[in-house]
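J.: Take a look at final33.cif, mmCIF, C-alpha atoms:
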data_query
#
loop_
_atom_site.group_PDB
_atom_site.id
_atom_site.type_symbol
_atom_site.label_atom_id
_atom_site.label_comp_id
_atom_site.auth_asym_id
_atom_site.auth_seq_id
_atom_site.Cartn_x
_atom_site.Cartn_y
_atom_site.Cartn_z
ATOM 1 C CA MET X 1 17.883 2.604 34.211
ATOM 2 C CA THR X 2 14.825 4.725 34.999
ATOM 3 C CA GLY X 3 15.366 4.146 38.723
ATOM 4 C CA GLN X 4 18.892 5.525 38.423
ATOM 5 C CA ARG X 5 17.651 8.555 36.490
ATOM 6 C CA SER X 6 15.068 9.400 39.151
ATOM 7 C CA GLN X 7 17.823 9.296 41.787
ATOM 8 C CA HIS X 8 19.714 12.032 39.909
ATOM 9 C CA GLU X 9 16.647 14.244 39.819
ATOM 10 C CA LEU X 10 16.136 14.077 43.576
ATOM 11 C CA ILE X 11 17.311 16.854 45.838
ATOM 12 C CA GLY X 12 17.223 17.078 49.602
ATOM 13 C CA CYS X 13 14.173 18.969 50.859
ATOM 14 C CA TYR X 14 15.203 22.273 52.400
ATOM 15 C CA ASP X 15 12.884 21.745 55.384
ATOM 16 C CA CYS X 16 12.977 18.019 56.186
ATOM 17 C CA GLY X 17 16.013 16.750 54.237
ATOM 18 C CA ASN X 18 14.211 13.845 52.531
ATOM 19 C CA GLY X 19 14.604 13.228 48.809
ATOM 20 C CA VAL X 20 12.183 15.137 46.589
ATOM 21 C CA SER X 21 12.025 15.728 42.850
ATOM 22 C CA PHE X 22 13.563 19.027 41.767
ATOM 23 C CA SER X 23 10.413 19.821 39.767
ATOM 24 C CA ALA X 24 8.004 19.038 42.637
ATOM 25 C CA LEU X 25 5.719 21.843 43.777
ATOM 26 C CA ALA X 26 5.687 20.529 47.345
ATOM 27 C CA CYS X 27 7.603 17.969 49.367
ATOM 28 C CA PRO X 28 5.602 14.720 49.643
ATOM 29 C CA HIS X 29 7.081 14.070 53.108
ATOM 30 C CA CYS X 30 6.610 17.362 54.960
ATOM 31 C CA GLY X 31 4.439 19.388 52.563
ATOM 32 C CA SER X 32 6.940 22.246 52.202
ATOM 33 C CA ARG X 33 5.955 24.624 49.389
ATOM 34 C CA GLU X 34 9.630 25.377 48.644
ATOM 35 C CA PRO X 35 11.450 22.023 48.782
ATOM 36 C CA ALA X 36 14.477 23.485 46.929
ATOM 37 C CA GLY X 37 14.727 26.279 49.514
ATOM 38 C CA PRO X 38 14.095 30.000 49.257
ATOM 39 C CA TYR X 39 15.398 31.865 46.233
ATOM 40 C CA VAL X 40 18.680 33.626 46.947
ATOM 41 C CA GLU X 41 19.373 36.823 45.022
ATOM 42 C CA ASN X 42 22.831 37.520 43.713
ATOM 43 C CA SER X 43 24.568 40.836 44.391
ATOM 44 C CA LYS X 44 23.539 42.360 41.038
ATOM 45 C CA GLU X 45 19.850 41.603 41.690
ATOM 46 C CA ARG X 46 20.069 43.073 45.213
ATOM 47 C CA ARG X 47 21.694 46.245 43.845
ATOM 48 C CA LEU X 48 18.998 46.629 41.179
ATOM 49 C CA HIS X 49 16.248 46.145 43.775
ATOM 50 C CA ARG X 50 17.808 48.828 45.999
ATOM 51 C CA ILE X 51 17.931 51.224 43.025
ATOM 52 C CA GLU X 52 14.287 50.498 42.155
ATOM 53 C CA GLU X 53 13.244 51.010 45.785
ATOM 54 C CA LYS X 54 15.107 54.315 45.966
ATOM 55 C CA ASN X 55 13.468 55.416 42.686
ATOM 56 C CA ASP X 56 10.023 54.540 44.063
ATOM 57 C CA GLN X 57 10.704 56.479 47.255
ATOM 58 C CA THR X 58 11.901 59.503 45.267
ATOM 59 C CA LEU X 59 8.830 59.438 43.024
ATOM 60 C CA ILE X 60 6.408 59.164 45.940
ATOM 61 C CA GLY X 61 8.322 61.730 47.978
ATOM 62 C CA MET X 62 8.338 64.340 45.212
ATOM 63 C CA THR X 63 4.649 63.799 44.501
ATOM 64 C CA VAL X 64 3.694 64.150 48.178
ATOM 65 C CA LEU X 65 6.013 67.133 48.679
ATOM 66 C CA CYS X 66 4.656 69.052 45.679
ATOM 67 C CA ALA X 67 1.067 68.166 46.582
ATOM 68 C CA GLY X 68 1.680 69.376 50.147
ATOM 69 C CA ILE X 69 3.191 72.637 48.953
ATOM 70 C CA GLY X 70 0.266 73.117 46.592
ATOM 71 C CA PHE X 71 -2.233 72.376 49.348
ATOM 72 C CA PHE X 72 -0.580 74.854 51.709
ATOM 73 C CA TYR X 73 -0.348 77.540 49.021
ATOM 74 C CA GLY X 74 -3.987 77.064 47.990
ATOM 75 C CA ALA X 75 -5.192 77.126 51.600
ATOM 76 C CA VAL X 76 -3.317 80.339 52.383
ATOM 77 C CA MET X 77 -4.195 82.175 49.168
ATOM 78 C CA ILE X 78 -7.699 80.988 48.278
ATOM 79 C CA GLY X 79 -9.151 78.752 50.993
ATOM 80 C CA ALA X 80 -10.345 75.158 51.222
ATOM 81 C CA PHE X 81 -11.467 74.842 47.584
ATOM 82 C CA GLY X 82 -8.216 76.335 46.337
ATOM 83 C CA ALA X 83 -6.219 74.046 48.607
ATOM 84 C CA PHE X 84 -7.524 70.926 46.883
ATOM 85 C CA ARG X 85 -7.063 72.393 43.401
ATOM 86 C CA TYR X 86 -3.468 73.378 44.115
ATOM 87 C CA CYS X 87 -2.864 70.052 45.839
ATOM 88 C CA LEU X 88 -3.903 68.246 42.639
ATOM 89 C CA LEU X 89 -1.765 70.597 40.562
ATOM 90 C CA GLY X 90 1.195 69.919 42.868
ATOM 91 C CA ALA X 91 0.734 66.159 42.487
ATOM 92 C CA ILE X 92 0.556 66.538 38.705
ATOM 93 C CA ILE X 93 3.837 68.467 38.800
ATOM 94 C CA GLY X 94 5.501 66.275 41.441
ATOM 95 C CA ALA X 95 5.179 62.939 39.644
ATOM 96 C CA PRO X 96 7.083 64.025 36.517
ATOM 97 C CA ALA X 97 9.600 65.876 38.717
ATOM 98 C CA GLY X 98 10.323 62.636 40.600
ATOM 99 C CA PHE X 99 10.626 60.786 37.299
ATOM 100 C CA ILE X 100 13.112 63.367 35.987
ATOM 101 C CA ILE X 101 15.194 63.035 39.164
ATOM 102 C CA ASN X 102 15.242 59.248 38.773
ATOM 103 C CA VAL X 103 16.260 59.423 35.108
ATOM 104 C CA SER X 104 18.947 62.046 35.716
ATOM 105 C CA ARG X 105 20.331 59.969 38.607
ATOM 106 C CA ARG X 106 20.541 56.996 36.247
ATOM 107 C CA LEU X 107 22.235 59.011 33.476
ATOM 108 C CA PHE X 108 24.654 61.105 35.514
ATOM 109 C CA GLY X 109 25.083 59.138 38.729
#
Take the structure in the file and give it back as structure tokens.

T.:
Amino acid sequence: MTGQRSQHELIGCYDCGNGVSFSALACPHCGSREPAGPYVENSKERRLHRIEEKNDQTLIGMTVLCAGIGFFYGAVMIGAFGAFRYCLLGAIIGAPAGFIINVSRRLFG
């Protein structure tokens, strides 16, 4: 009976096709680290990952944009020391601005 049960738990290795336990960490025949095959995302997971990636890009973009504007403003108005101070201030303003854009996109979009 135990021999029959072990047969049900075997799957074909994604790489070599030989039988391997579903709970195995590696195929004993070919050494594959993913004997069940690579994980395949469903459409909902792919959509959520695209949204998260877009949110990350918006947050980074706003932070860099505001820091750049601050740097330019500080360099023109005060000089090198002012450029770095205004750059930091721009980054401090840009991060929450990117966050607000992401949240408003989620609420209204």

J.: Do you have the atom CA of Lys54 of chain X-atom CA of Gly37 of chain X distance handy?

T.: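 Here the two named atoms are 28.3 Å from each other.
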
J.: Nearest to Ala67 of chain X among X:Glu45, X:Glu52, X:Tyr39, X:Ala91, with distances taken over all atoms listed in the file: which residue is it?

T.: X:Ala91

J.: Could you pull the residues within 7 Å of Phe99 of chain X, counting all atoms listed in the file, minus those fewer than 4 positions along the same chain, as an NGL selection string?

T.: :X and (59 or 95 or 103)

J.: For each of X:Ala97, X:Ile69, X:Cys16, X:Leu10, take the minimum atom-to-atom distance to Asn55 of chain X, counting only C-alpha atoms, then give the residue where this is smallest.

T.: X:Ala97

J.: If you measure from atom CA of Asn102 of chain X to atom CA of Cys66 of chain X, what distance in Å do you get, rounded to one decimal?

T.: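 Going from atom CA of Asn102 of chain X over to atom CA of Cys66 of chain X covers 16.0 Å.
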
J.: I'd like the contact shell of Ser32 of chain X - 10 Å cut-off, all atoms listed in the file, skipping same-chain residues fewer than 4 positions apart - returned as a PDB file with C-alpha atoms, in the frame of the given file.

T.:
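Result written to part-v4.pdb:
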ATOM      1  CA  CYS X  13      14.173  18.969  50.859  1.00  0.00           C
ATOM      2  CA  TYR X  14      15.203  22.273  52.400  1.00  0.00           C
ATOM      3  CA  ASP X  15      12.884  21.745  55.384  1.00  0.00           C
ATOM      4  CA  CYS X  16      12.977  18.019  56.186  1.00  0.00           C
ATOM      5  CA  LEU X  25       5.719  21.843  43.777  1.00  0.00           C
ATOM      6  CA  ALA X  26       5.687  20.529  47.345  1.00  0.00           C
ATOM      7  CA  CYS X  27       7.603  17.969  49.367  1.00  0.00           C
ATOM      8  CA  PRO X  28       5.602  14.720  49.643  1.00  0.00           C
ATOM      9  CA  ALA X  36      14.477  23.485  46.929  1.00  0.00           C
ATOM     10  CA  GLY X  37      14.727  26.279  49.514  1.00  0.00           C
TER      11      GLY X  37
END

J.: Find the residues around Gly94 of chain X up to 12 Å (only C-alpha atoms counted), leave out those fewer than 2 positions away in its own chain, and share them as a ChimeraX atom specification.

T.: /X:58-70,86-92,96-101
